[in-house]
Amino acid sequence: MNQYTDRRYVFAVAIILVGLIFMIRLFQIQVIDKSYEQYALSNAQSVRVIYPARGLIYDRNGKIMVYNKAAYDIMVTPRLVEPFDTTELCEILKISRESVRERLESARSYSSRVPSVFMKQVSYENAALLQEKMFQFPGLYVQTRTLREYTSPIASHALGYVGEVDQAILDSEPYYQLGDYIGVSGVEKAYEEYLKGQKGKNIFLKDVHNQTIESYQNGRLDVTVEVGKNLTSTLDMALQEYGEKLMSPYVGSVVALEPSTGEVLALVSAPTYSPDLLVGRSLGVEFGKLATDTLNPLFNRALMAQYPPGSTFKTIMALIGLQEKVISKRTEHHCYYGFYVGNIHTRCHLHETPLNLIEAIQNSCNTYFINVLKSTLQDVKFSNTAEAYNNWRNHLLSMGLTQPLGIELTNELDGNIPTPDYYNRIYGENHWNYLTIRSLAIGQGELLVTPLQMANMTATIANRGYYITPHLVREIEGEESIDESLQERHYTTIDTSCYGPIVDGMDLVVNGGKGSTARNARIKGITVCGKTGTAENPHGNDHSIFIAFAPKENPKIAIAVYVENQGFGTTYAAPIASLMIEKYLSGEVKRGWYENWVMQLIQPVAPARKKDSLVADTLQNNESDDGTEE
Amino acid sequence: MVQRNSVFANLDWVSILLWMVMIGFGWMNIYSANIMEADGGVFDLSQRFGKQLIWIGASLLLAMLMLVLDAKFYFYFSYLLYLVMLGVLLGVLVFGKEIHGAKSWFVIGGFQLQPSEFAKLITALALANLLTSHNYNIRKFWHLVKAFAIIAAPPMLILLQPDLGSALVYSAFILVLFREGFSTNIMMMLATLGLLFFTTLLLDKALILLFMVIISLIIYMVVARSFKKGVVNGLLVAIVFGVLYGTDYLLKTEFSPFLMGLAALIPVALVITVKGFWLREYVQMKILTGLFISIVFIISVDFAMKNVLKPHQQHRIYVTLGIEDDPQGVGYNVNQSKIAIGSGGFSGKGYLKGTQTKLHFVPEQSTDFIFCTVGEEWGFLGTTFVILLYVGFFLRMIFLAERQRSSFSRIFGYGFISVMLLHFIVNIGMTIGLLPVIGIPLPFFSYGGSSLWTFTMFLFIFLRLDASRLEYIR
Ligand SMILES: [Zn+2]
């Protein structure tokens, strides 16, 4: 009794149909759709990142300046978190329940799969305690990182600091991951490539509980961790520390260079701050405090403050005059308390008269150098003032005064040496002459330079005609040498022979008899050559300036000191330069009394000066009475 | 001796060969899925592949036992076994051990037995017995009720454990009834209800209602063989709908579109009913009845989904249907399973080289999700092989069933085919994300003694009956 036998075909067809549907579906997910392979990989791989220690930084004598300490971040992978004993976690980390919840929430909002920082830089004790009990807190783990530590709280502006990468870097540089550290400023930023090393990567296979099972492909895809390269800085720790100490009562900057190499021996910007402040967890808060400080300690005055060079610029005026042969070292000018033409006058101080070039430098005579400017701009070689001025300006260009010098740090600013067009615009073509811009002759007016440029100018004089771009790093571990552009000599457009009289004049400034303006910079047994300066400041006390190099032959150090709002260059800047030179060349300062005296000279400081106001001051300063010069 | 020889002489060795391939390949994959934890070799009895070897050995003995019994034994004892089985299913509710929230297991000296597995086999025997009883006519209502009673009793008890997956398997027996002449119309209706069930979950109820009205009109046009009448009725419906929705729009009432549709149907239904009685034209009324039943069904499914099922059950169904997305929760299993299979590519990662299954990303990787291991390690070639293997096996079984002289053997055969087919469809459909995650094993493939033994006994009882296919059993 077998009815309905045809229905067997319904069964057969249905079964074959099911088989076909399954095969089509499998073809789709196994052969056509490739995304599952990716999912499988990310499922089963666990990448353990090993953070390299950042390169160390030594000073020029091999003393360690910057090293690392271990820091412990608690990381969380929200997907793996299971309910745990919150009370215990709160106790270990000393945070509230609410805080735990918020931290988890914020991690979750970033990604449920990618680990993010649950808590930054917990103490070693807490990290160790947590590590012990880690099995109780699935989804959490301890990530060891390194933080910067400093042997001495100095050189913050030169060294810079290290901070967490921001979104812009995350977007542009794939190497960095959220929570990674990067050099934010200074040498740390400039040499990030060397200091950072190479993060290591161990790829493991993991199971669904995130337990690692074995090394993936026997570690073939692993990346070995590479420790960051050590750097040897050009800084002399002792000198840097000493400079910061001397400058501690003042606002201003000291830059010391080794003339023959362009190496920066000290880079002081006062007020400064301890580099320890901008490390790790405290960075945010401390940075905020420093940023709102009215004296603006974060502002790197050595590279960014644009100051009028004052009388120190007379050395340059002399050099150009000699080169253009509009004066000789025997050229004499009379001066009776100042420079007078019609109703225009620029005062000068009491000194013997007439003076030749060397004596004029020694006495810092305003009248003399306005006359030098007159001769230079009225040079018959040129058809008009603008042309002569342009030629004059080109000499400054060759001395690195018109553009940033190119030190490794990225925040360096240039000075301001106006172009002829600038004066044409202001006064009209052919409507200006040496009288209009006579303030330039004494380093005032529109003229602005940075302390680094002033130091470099001094080094150029010390070298008698060339400079090497100032730089902060002299050796990179594993590299033959530093960048070639930092070793190349930049010759000025002034012949070496022109430098002799200027150097002699600078010698007399310090070591001369009657009329020498910086006898207080003398050091027994060392021939210091220097030049004082005072920059007029209509909003407060004048700025005190001194440039110097020593010894006279084969100079080892060139220095520029700029002390804001403290008056005569002789009084403040010269002793500081002198002490710095002694410290560097003798290794120790025998004049302890002098040091104390310098640091107690401080006058009440006028309100903090910003870059803009400095420019404004000097621009207003152009007309009529140019004020006193030494 | 003579009879025994004849049994072996008449055995269908093709089926046995396919059976061995399924069991062998299944074991290889169980081995692969568990090898990471193993350290004691292939016979490590602490491991699933070691235990599975025991189950396979025991199933060989069971197969022999099934073959040596007289063919008539299965028929004579089927009711008795059925009653005993019902008792056991009751017993497991009392004495059973609860594993994963279901009281489905007897634990005897370290071994776990799942009586609901064996119950399928016995139900098939009892059903075959009933359908071949004297004067049985499947087209008679009360006869049909008896068949349904036999089919429905075990799953009722199994649902109490509760084990939804195992209970669901019994619906496969409807296929047996179909083969034996169950009305095509009722089958169609059941299929329609099934379709309605899923569409109710997937689509807006008002939309379904609209479709049903349109389909009703089309059926009417076909049955009445009049395009004009269909259009007239269609216009009637459309006007009523239009008036109703227009009023609704103007008055800005906030009745749901579904309720509005129902309200619109009432006057239409009244008109059709009155007109139908008046003209003695019943076609329209039959269609109307069908429509009415469907609407009641939709409402009850909707009600059941929202009020009877627990939230996690609702969720699971919604995720399976792709209405809700939840890669970490219920969807996790399906997702991981698809990742494992999909990552196998065309030719697979190689035997023992899968990562997803070994690293436990796939849940239940040696039982319900064993097909993932095949997919990952053997790729599309492997999965196609397995599917062709099963399709071939099913076709062979149909061939065997149809050559029986005894209806009893044929019906039992179809019982076996239907149950195994349902397992096959649901299990593979679930691993490749086509069907909801209902935890039932892949016959002969998945790890587990109860399942392996049940299907082995199923097969070998059928082969034993087939060996006596020339005898008249009943
Ligand atoms: Zn004078």
# chains A, B, ... in the order shown; residues from 1 in each chain; ligands from 1
$ residues_around --residues "stretch 490-500 of chain A" --least-positions-apart "4" --cutoff "10 Å" --atoms "only C-alpha atoms" --output "PyMOL selection string"
chain A and resi 315-316+318-325+328-329+358+394-400+460-469+485+504-506
$ write_last_selection --atoms "N, CA and C atoms" --output "mmCIF file, in the first residue's frame"
data_model
loop_
_atom_site.group_PDB
_atom_site.id
_atom_site.type_symbol
_atom_site.label_atom_id
_atom_site.label_comp_id
_atom_site.auth_asym_id
_atom_site.auth_seq_id
_atom_site.Cartn_x
_atom_site.Cartn_y
_atom_site.Cartn_z
ATOM 1 N N THR A 315 79.698 98.056 17.026
ATOM 2 C CA THR A 315 80.771 97.220 16.474
ATOM 3 C C THR A 315 80.470 96.894 15.015
ATOM 4 N N ILE A 316 79.230 96.619 14.738
ATOM 5 C CA ILE A 316 78.825 96.250 13.380
ATOM 6 C C ILE A 316 78.896 97.471 12.460
ATOM 7 N N ALA A 318 80.928 99.883 12.737
ATOM 8 C CA ALA A 318 82.345 100.087 12.458
ATOM 9 C C ALA A 318 82.841 99.128 11.389
ATOM 10 N N LEU A 319 82.437 97.847 11.522
ATOM 11 C CA LEU A 319 82.877 96.826 10.564
ATOM 12 C C LEU A 319 82.456 97.192 9.148
ATOM 13 N N ILE A 320 81.199 97.618 8.987
ATOM 14 C CA ILE A 320 80.696 97.929 7.655
ATOM 15 C C ILE A 320 81.400 99.179 7.092
ATOM 16 N N GLY A 321 81.605 100.139 7.988
ATOM 17 C CA GLY A 321 82.312 101.355 7.567
ATOM 18 C C GLY A 321 83.699 101.034 7.037
ATOM 19 N N LEU A 322 84.400 100.165 7.757
ATOM 20 C CA LEU A 322 85.744 99.780 7.327
ATOM 21 C C LEU A 322 85.690 99.022 6.001
ATOM 22 N N GLN A 323 84.763 98.100 5.890
ATOM 23 C CA GLN A 323 84.666 97.279 4.695
ATOM 24 C C GLN A 323 84.366 98.161 3.474
ATOM 25 N N GLU A 324 83.482 99.126 3.655
ATOM 26 C CA GLU A 324 83.114 100.003 2.549
ATOM 27 C C GLU A 324 84.149 101.119 2.351
ATOM 28 N N LYS A 325 85.160 101.131 3.217
ATOM 29 C CA LYS A 325 86.258 102.095 3.143
ATOM 30 C C LYS A 325 85.764 103.543 3.244
ATOM 31 N N SER A 328 88.399 104.786 8.184
ATOM 32 C CA SER A 328 89.540 103.935 8.491
ATOM 33 C C SER A 328 89.675 103.952 9.993
ATOM 34 N N LYS A 329 90.630 103.163 10.515
ATOM 35 C CA LYS A 329 90.707 103.165 11.980
ATOM 36 C C LYS A 329 91.257 104.471 12.517
ATOM 37 N N ILE A 358 88.837 103.199 17.227
ATOM 38 C CA ILE A 358 89.017 102.287 18.361
ATOM 39 C C ILE A 358 88.586 102.964 19.656
ATOM 40 N N ASN A 394 72.738 94.387 3.403
ATOM 41 C CA ASN A 394 73.241 93.096 2.922
ATOM 42 C C ASN A 394 74.383 92.571 3.778
ATOM 43 N N HIS A 395 75.189 93.507 4.308
ATOM 44 C CA HIS A 395 76.246 93.065 5.223
ATOM 45 C C HIS A 395 75.637 92.421 6.473
ATOM 46 N N LEU A 396 74.567 93.044 6.971
ATOM 47 C CA LEU A 396 73.908 92.487 8.166
ATOM 48 C C LEU A 396 73.345 91.095 7.868
ATOM 49 N N LEU A 397 72.841 91.002 6.634
ATOM 50 C CA LEU A 397 72.301 89.708 6.223
ATOM 51 C C LEU A 397 73.377 88.629 6.300
ATOM 52 N N SER A 398 74.567 88.951 5.872
ATOM 53 C CA SER A 398 75.648 87.956 5.875
ATOM 54 C C SER A 398 76.060 87.610 7.297
ATOM 55 N N MET A 399 75.712 88.466 8.257
ATOM 56 C CA MET A 399 76.062 88.190 9.649
ATOM 57 C C MET A 399 74.910 87.495 10.394
ATOM 58 N N GLY A 400 73.885 87.146 9.649
ATOM 59 C CA GLY A 400 72.790 86.393 10.264
ATOM 60 C C GLY A 400 71.871 87.235 11.114
ATOM 61 N N THR A 460 80.844 85.901 15.666
ATOM 62 C CA THR A 460 81.361 86.260 14.352
ATOM 63 C C THR A 460 82.563 87.193 14.482
ATOM 64 N N ILE A 461 82.453 88.150 15.410
ATOM 65 C CA ILE A 461 83.576 89.060 15.649
ATOM 66 C C ILE A 461 84.751 88.276 16.232
ATOM 67 N N ALA A 462 84.449 87.368 17.186
ATOM 68 C CA ALA A 462 85.496 86.551 17.803
ATOM 69 C C ALA A 462 86.220 85.717 16.757
ATOM 70 N N ASN A 463 85.453 85.231 15.770
ATOM 71 C CA ASN A 463 86.027 84.411 14.696
ATOM 72 C C ASN A 463 86.665 85.263 13.600
ATOM 73 N N ARG A 464 86.523 86.554 13.721
ATOM 74 C CA ARG A 464 87.029 87.493 12.728
ATOM 75 C C ARG A 464 86.482 87.173 11.341
ATOM 76 N N GLY A 465 85.160 86.994 11.274
ATOM 77 C CA GLY A 465 84.598 86.954 9.934
ATOM 78 C C GLY A 465 83.720 85.769 9.545
ATOM 79 N N TYR A 466 83.458 84.866 10.420
ATOM 80 C CA TYR A 466 82.521 83.791 10.041
ATOM 81 C C TYR A 466 81.773 83.319 11.285
ATOM 82 N N TYR A 467 80.678 82.661 11.015
ATOM 83 C CA TYR A 467 79.987 82.005 12.136
ATOM 84 C C TYR A 467 79.504 80.629 11.689
ATOM 85 N N ILE A 468 79.247 79.815 12.652
ATOM 86 C CA ILE A 468 78.644 78.504 12.391
ATOM 87 C C ILE A 468 77.288 78.520 13.093
ATOM 88 N N THR A 469 76.259 78.085 12.374
ATOM 89 C CA THR A 469 74.906 78.126 12.937
ATOM 90 C C THR A 469 74.893 77.573 14.356
ATOM 91 N N SER A 485 74.724 71.100 7.882
ATOM 92 C CA SER A 485 74.404 72.528 7.886
ATOM 93 C C SER A 485 74.780 73.164 9.215
ATOM 94 N N ASP A 504 90.200 95.206 18.877
ATOM 95 C CA ASP A 504 91.033 96.043 19.739
ATOM 96 C C ASP A 504 90.168 97.004 20.548
ATOM 97 N N GLY A 505 89.187 97.575 19.870
ATOM 98 C CA GLY A 505 88.271 98.478 20.573
ATOM 99 C C GLY A 505 87.541 97.766 21.687
ATOM 100 N N MET A 506 87.081 96.555 21.422
ATOM 101 C CA MET A 506 86.342 95.775 22.425
ATOM 102 C C MET A 506 87.250 95.388 23.580
#
$ interface_residues --of "chain B" --to "chain A" --cutoff "9 Å" --atoms "only C-alpha atoms" --output "ChimeraX atom specification"
/B:175,178-181,328,336,338-346,348,355-356,358-362,375-376,379-380,383-384,387-388,390-391,394-395,398-399,402,405-407,421,425,428-429,432,434
$ residues_near_ligand --ligand "ligand 1" --cutoff "10 Å" --atoms "only C-alpha atoms and all ligand atoms" --output "JSON, numbers by chain"
{"A": [333, 334, 335, 336, 337, 338, 339, 346, 347, 348, 349, 350, 351, 352, 353, 354, 355, 360, 363, 364, 365, 366, 367, 368, 369, 370, 629, 630]}
$ residues_around --residues "stretch 21-23 of chain B" --least-positions-apart "2" --cutoff "12 Å" --atoms "only C-alpha atoms" --output "JSON list (two decimals) with N, CA and C atoms, in the first residue's frame"
[["chain", "number", "residue", "atom", "x", "y", "z"],
["B", 14, "VAL", "N", 26.37, 1.14, 0.85],
["B", 14, "VAL", "CA", 26.59, 2.55, 0.45],
["B", 14, "VAL", "C", 26.28, 3.46, 1.63],
["B", 15, "SER", "N", 25.15, 3.23, 2.28],
["B", 15, "SER", "CA", 24.76, 4.05, 3.43],
["B", 15, "SER", "C", 25.79, 3.93, 4.54],
["B", 16, "ILE", "N", 26.23, 2.68, 4.76],
["B", 16, "ILE", "CA", 27.19, 2.47, 5.84],
["B", 16, "ILE", "C", 28.49, 3.20, 5.55],
["B", 17, "LEU", "N", 28.89, 3.19, 4.28],
["B", 17, "LEU", "CA", 30.11, 3.90, 3.90],
["B", 17, "LEU", "C", 29.96, 5.40, 4.18],
["B", 18, "LEU", "N", 28.82, 5.98, 3.73],
["B", 18, "LEU", "CA", 28.56, 7.41, 3.96],
["B", 18, "LEU", "C", 28.56, 7.72, 5.46],
["B", 19, "TRP", "N", 27.94, 6.81, 6.21],
["B", 19, "TRP", "CA", 27.87, 6.97, 7.66],
["B", 19, "TRP", "C", 29.28, 7.03, 8.26],
["B", 25, "PHE", "N", 35.03, 11.97, 9.53],
["B", 25, "PHE", "CA", 35.38, 13.37, 9.28],
["B", 25, "PHE", "C", 34.95, 14.24, 10.47],
["B", 26, "GLY", "N", 33.81, 13.88, 11.03],
["B", 26, "GLY", "CA", 33.35, 14.60, 12.22],
["B", 26, "GLY", "C", 34.37, 14.48, 13.34],
["B", 27, "TRP", "N", 34.87, 13.29, 13.56],
["B", 27, "TRP", "CA", 35.83, 13.10, 14.65],
["B", 27, "TRP", "C", 37.11, 13.89, 14.39],
["B", 28, "MET", "N", 37.56, 13.89, 13.14],
["B", 28, "MET", "CA", 38.76, 14.67, 12.80],
["B", 28, "MET", "C", 38.58, 16.13, 13.20],
["B", 29, "ASN", "N", 37.39, 16.65, 12.97],
["B", 29, "ASN", "CA", 37.15, 18.06, 13.28],
["B", 29, "ASN", "C", 37.00, 18.30, 14.78],
["B", 30, "ILE", "N", 36.43, 17.32, 15.47],
["B", 30, "ILE", "CA", 36.36, 17.44, 16.93],
["B", 30, "ILE", "C", 37.77, 17.43, 17.51],
["B", 49, "PHE", "N", 37.80, 14.54, 22.08],
["B", 49, "PHE", "CA", 38.03, 13.62, 20.95],
["B", 49, "PHE", "C", 38.30, 12.21, 21.45],
["B", 52, "GLN", "N", 34.88, 10.95, 22.39],
["B", 52, "GLN", "CA", 34.10, 10.70, 21.19],
["B", 52, "GLN", "C", 34.48, 9.34, 20.58],
["B", 53, "LEU", "N", 35.77, 8.94, 20.75],
["B", 53, "LEU", "CA", 36.19, 7.63, 20.25],
["B", 53, "LEU", "C", 35.41, 6.53, 20.97],
["B", 55, "TRP", "N", 32.41, 6.94, 22.28],
["B", 55, "TRP", "CA", 31.03, 6.97, 21.77],
["B", 55, "TRP", "C", 30.95, 6.27, 20.41],
["B", 56, "ILE", "N", 31.97, 6.47, 19.57],
["B", 56, "ILE", "CA", 31.96, 5.85, 18.25],
["B", 56, "ILE", "C", 32.05, 4.33, 18.38],
["B", 57, "GLY", "N", 32.95, 3.90, 19.27],
["B", 57, "GLY", "CA", 33.07, 2.45, 19.51],
["B", 57, "GLY", "C", 31.74, 1.87, 19.98],
["B", 59, "SER", "N", 28.84, 3.08, 19.49],
["B", 59, "SER", "CA", 27.80, 3.15, 18.46],
["B", 59, "SER", "C", 27.97, 2.02, 17.45],
["B", 60, "LEU", "N", 29.21, 1.55, 17.27],
["B", 60, "LEU", "CA", 29.41, 0.38, 16.40],
["B", 60, "LEU", "C", 28.71, -0.83, 17.00],
["B", 371, "PHE", "N", 30.58, 22.69, 12.55],
["B", 371, "PHE", "CA", 30.69, 23.03, 11.14],
["B", 371, "PHE", "C", 31.66, 24.20, 10.92],
["B", 385, "PHE", "N", 31.94, 19.81, 0.40],
["B", 385, "PHE", "CA", 32.03, 18.36, 0.53],
["B", 385, "PHE", "C", 31.03, 17.85, 1.57],
["B", 386, "VAL", "N", 31.01, 18.50, 2.73],
["B", 386, "VAL", "CA", 30.11, 18.05, 3.79],
["B", 386, "VAL", "C", 28.65, 18.16, 3.34],
["B", 387, "ILE", "N", 28.32, 19.27, 2.70],
["B", 387, "ILE", "CA", 26.93, 19.44, 2.28],
["B", 387, "ILE", "C", 26.54, 18.41, 1.22],
["B", 388, "LEU", "N", 27.44, 18.19, 0.29],
["B", 388, "LEU", "CA", 27.16, 17.17, -0.73],
["B", 388, "LEU", "C", 27.05, 15.78, -0.09],
["B", 389, "LEU", "N", 27.88, 15.55, 0.92],
["B", 389, "LEU", "CA", 27.84, 14.28, 1.65],
["B", 389, "LEU", "C", 26.45, 14.06, 2.25],
["B", 390, "TYR", "N", 25.93, 15.07, 2.92],
["B", 390, "TYR", "CA", 24.62, 14.96, 3.55],
["B", 390, "TYR", "C", 23.52, 14.85, 2.50],
["B", 391, "VAL", "N", 23.60, 15.69, 1.46],
["B", 391, "VAL", "CA", 22.57, 15.64, 0.41],
["B", 391, "VAL", "C", 22.55, 14.24, -0.22],
["B", 392, "GLY", "N", 23.76, 13.73, -0.48],
["B", 392, "GLY", "CA", 23.86, 12.38, -1.05],
["B", 392, "GLY", "C", 23.25, 11.35, -0.12],
["B", 393, "PHE", "N", 23.55, 11.48, 1.14],
["B", 393, "PHE", "CA", 23.03, 10.55, 2.13],
["B", 393, "PHE", "C", 21.50, 10.60, 2.18],
["B", 442, "LEU", "N", 24.74, 18.59, 14.74],
["B", 442, "LEU", "CA", 24.80, 18.10, 13.37],
["B", 442, "LEU", "C", 24.95, 16.58, 13.43],
["B", 443, "PRO", "N", 23.96, 15.84, 12.94],
["B", 443, "PRO", "CA", 23.98, 14.38, 13.10],
["B", 443, "PRO", "C", 25.27, 13.75, 12.58],
["B", 444, "PHE", "N", 25.80, 12.81, 13.35],
["B", 444, "PHE", "CA", 27.02, 12.05, 13.06],
["B", 444, "PHE", "C", 28.30, 12.88, 13.12],
["B", 445, "PHE", "N", 28.17, 14.20, 13.25],
["B", 445, "PHE", "CA", 29.33, 15.07, 13.16],
["B", 445, "PHE", "C", 29.69, 15.66, 14.53],
["B", 446, "SER", "N", 28.68, 16.18, 15.18],
["B", 446, "SER", "CA", 28.92, 16.88, 16.44],
["B", 446, "SER", "C", 29.39, 15.93, 17.53],
["B", 447, "TYR", "N", 30.12, 16.52, 18.48],
["B", 447, "TYR", "CA", 30.52, 15.76, 19.65],
["B", 447, "TYR", "C", 29.29, 15.43, 20.48],
["B", 448, "GLY", "N", 29.27, 14.26, 21.08],
["B", 448, "GLY", "CA", 28.19, 13.92, 22.00],
["B", 448, "GLY", "C", 27.66, 12.52, 21.74],
["B", 449, "GLY", "N", 27.58, 11.72, 22.81],
["B", 449, "GLY", "CA", 27.16, 10.34, 22.70],
["B", 449, "GLY", "C", 25.70, 10.17, 22.37],
["B", 451, "SER", "N", 23.45, 11.98, 20.91],
["B", 451, "SER", "CA", 23.08, 12.31, 19.53],
["B", 451, "SER", "C", 23.62, 11.26, 18.57],
["B", 452, "LEU", "N", 24.89, 10.93, 18.74],
["B", 452, "LEU", "CA", 25.52, 9.95, 17.85],
["B", 452, "LEU", "C", 24.80, 8.61, 17.92],
["B", 453, "TRP", "N", 24.52, 8.16, 19.13],
["B", 453, "TRP", "CA", 23.86, 6.87, 19.31],
["B", 453, "TRP", "C", 22.45, 6.89, 18.72],
["B", 455, "PHE", "N", 21.17, 8.71, 16.29],
["B", 455, "PHE", "CA", 21.14, 8.68, 14.83],
["B", 455, "PHE", "C", 21.71, 7.39, 14.26],
["B", 456, "THR", "N", 22.69, 6.81, 14.99],
["B", 456, "THR", "CA", 23.21, 5.53, 14.55],
["B", 456, "THR", "C", 22.13, 4.45, 14.64]]
$ residues_around --residues "stretch 422-434 of chain A" --least-positions-apart "5" --cutoff "8 Å" --atoms "only C-alpha atoms" --output "list in words"
Ile370, Leu373, Lys374, Leu377, Gln378, Asn384, Thr385 and Ala386 of chain A
$ select_by_dssp --residues "stretch 74-224 of chain A" --states "alpha helix (DSSP H)" --output "number ranges by chain"
A: 86-93, 97-110, 124-132, 156-159, 167-172, 186-190, 192-195
$ write_last_selection --atoms "C-alpha atoms" --output "PDB file, in the first residue's frame"
ATOM      1  CA  THR A  86      35.089  47.963  42.741  1.00  0.00           C
ATOM      2  CA  THR A  87      35.831  48.565  46.403  1.00  0.00           C
ATOM      3  CA  GLU A  88      39.123  46.730  46.172  1.00  0.00           C
ATOM      4  CA  LEU A  89      40.162  48.637  43.050  1.00  0.00           C
ATOM      5  CA  CYS A  90      39.206  51.925  44.661  1.00  0.00           C
ATOM      6  CA  GLU A  91      41.330  51.057  47.651  1.00  0.00           C
ATOM      7  CA  ILE A  92      44.382  50.146  45.609  1.00  0.00           C
ATOM      8  CA  LEU A  93      44.221  53.186  43.342  1.00  0.00           C
ATOM      9  CA  ARG A  97      33.619  54.507  42.858  1.00  0.00           C
ATOM     10  CA  GLU A  98      32.231  57.348  40.837  1.00  0.00           C
ATOM     11  CA  SER A  99      35.652  57.912  39.331  1.00  0.00           C
ATOM     12  CA  VAL A 100      35.974  54.238  38.376  1.00  0.00           C
ATOM     13  CA  ARG A 101      32.648  54.406  36.623  1.00  0.00           C
ATOM     14  CA  GLU A 102      33.567  57.593  34.776  1.00  0.00           C
ATOM     15  CA  ARG A 103      36.918  56.233  33.669  1.00  0.00           C
ATOM     16  CA  LEU A 104      35.329  53.059  32.316  1.00  0.00           C
ATOM     17  CA  GLU A 105      32.690  55.118  30.581  1.00  0.00           C
ATOM     18  CA  SER A 106      35.235  57.343  28.899  1.00  0.00           C
ATOM     19  CA  ALA A 107      37.347  54.351  27.810  1.00  0.00           C
ATOM     20  CA  ARG A 108      34.240  52.750  26.375  1.00  0.00           C
ATOM     21  CA  SER A 109      33.370  55.841  24.438  1.00  0.00           C
ATOM     22  CA  TYR A 110      36.830  55.739  22.826  1.00  0.00           C
ATOM     23  CA  TYR A 124      55.252  51.777  41.617  1.00  0.00           C
ATOM     24  CA  GLU A 125      53.731  50.413  44.835  1.00  0.00           C
ATOM     25  CA  ASN A 126      50.174  50.706  43.539  1.00  0.00           C
ATOM     26  CA  ALA A 127      51.102  49.229  40.187  1.00  0.00           C
ATOM     27  CA  ALA A 128      52.800  46.283  41.863  1.00  0.00           C
ATOM     28  CA  LEU A 129      49.851  45.725  44.181  1.00  0.00           C
ATOM     29  CA  LEU A 130      47.448  45.822  41.271  1.00  0.00           C
ATOM     30  CA  GLN A 131      49.625  43.518  39.191  1.00  0.00           C
ATOM     31  CA  GLU A 132      49.425  40.953  41.971  1.00  0.00           C
ATOM     32  CA  SER A 156      64.088  73.859  30.406  1.00  0.00           C
ATOM     33  CA  HIS A 157      63.949  76.165  27.397  1.00  0.00           C
ATOM     34  CA  ALA A 158      66.715  74.382  25.543  1.00  0.00           C
ATOM     35  CA  LEU A 159      65.733  70.835  26.395  1.00  0.00           C
ATOM     36  CA  GLN A 167      44.979  64.598  17.683  1.00  0.00           C
ATOM     37  CA  ALA A 168      46.870  66.405  14.900  1.00  0.00           C
ATOM     38  CA  ILE A 169      49.863  64.099  15.349  1.00  0.00           C
ATOM     39  CA  LEU A 170      47.670  61.032  15.666  1.00  0.00           C
ATOM     40  CA  ASP A 171      46.095  61.937  12.348  1.00  0.00           C
ATOM     41  CA  SER A 172      49.319  62.687  10.508  1.00  0.00           C
ATOM     42  CA  GLY A 186      63.185  72.161  22.554  1.00  0.00           C
ATOM     43  CA  VAL A 187      65.734  69.459  21.868  1.00  0.00           C
ATOM     44  CA  GLU A 188      63.108  66.863  22.777  1.00  0.00           C
ATOM     45  CA  LYS A 189      61.076  67.969  19.776  1.00  0.00           C
ATOM     46  CA  ALA A 190      63.947  68.721  17.393  1.00  0.00           C
ATOM     47  CA  GLU A 192      62.352  63.323  18.462  1.00  0.00           C
ATOM     48  CA  GLU A 193      63.315  61.060  15.574  1.00  0.00           C
ATOM     49  CA  TYR A 194      66.449  59.881  17.409  1.00  0.00           C
ATOM     50  CA  LEU A 195      65.247  60.100  20.994  1.00  0.00           C
TER      51      LEU A 195
END
$ atom_distance --atom1 "atom CA of A:Leu435" --atom2 "atom CA of A:Met317"
15.2 Å
$ closest_residue --among "A:Ser260, A:Thr144, A:Ser282, A:Thr571" --to "A:Val49" --atoms "only C-alpha atoms"
A:Thr144
$ select_by_dssp --residues "stretch 185-300 of chain A" --states "strand (DSSP E or B)" --output "count of residues only"
32
$ closest_residue --among "A:Ser439, A:Gln143, A:Ser253, A:Asn391" --to "A:Thr419" --atoms "only C-alpha atoms"
A:Asn391
$ atom_distance --atom1 "atom CA of A:Tyr67" --atom2 "atom CA of A:Val473"
16.0 Å
$ residues_around --residues "B:Ile461" --least-positions-apart "3" --cutoff "10 Å" --atoms "only C-alpha atoms" --output "ChimeraX atom specification"
/B:63-71,74,121,125,409,412-413,416,455-458,464-467
$ residues_around --residues "A:Tyr191" --least-positions-apart "2" --cutoff "12 Å" --atoms "only C-alpha atoms" --output "MDAnalysis selection string"
chainID A and resid 54:57 158:162 182:189 193:197 228:233 408:410 471:477 482:483
$ atom_distance --atom1 "atom CA of A:Glu536" --atom2 "atom CA of A:Thr331"
27.9 Å
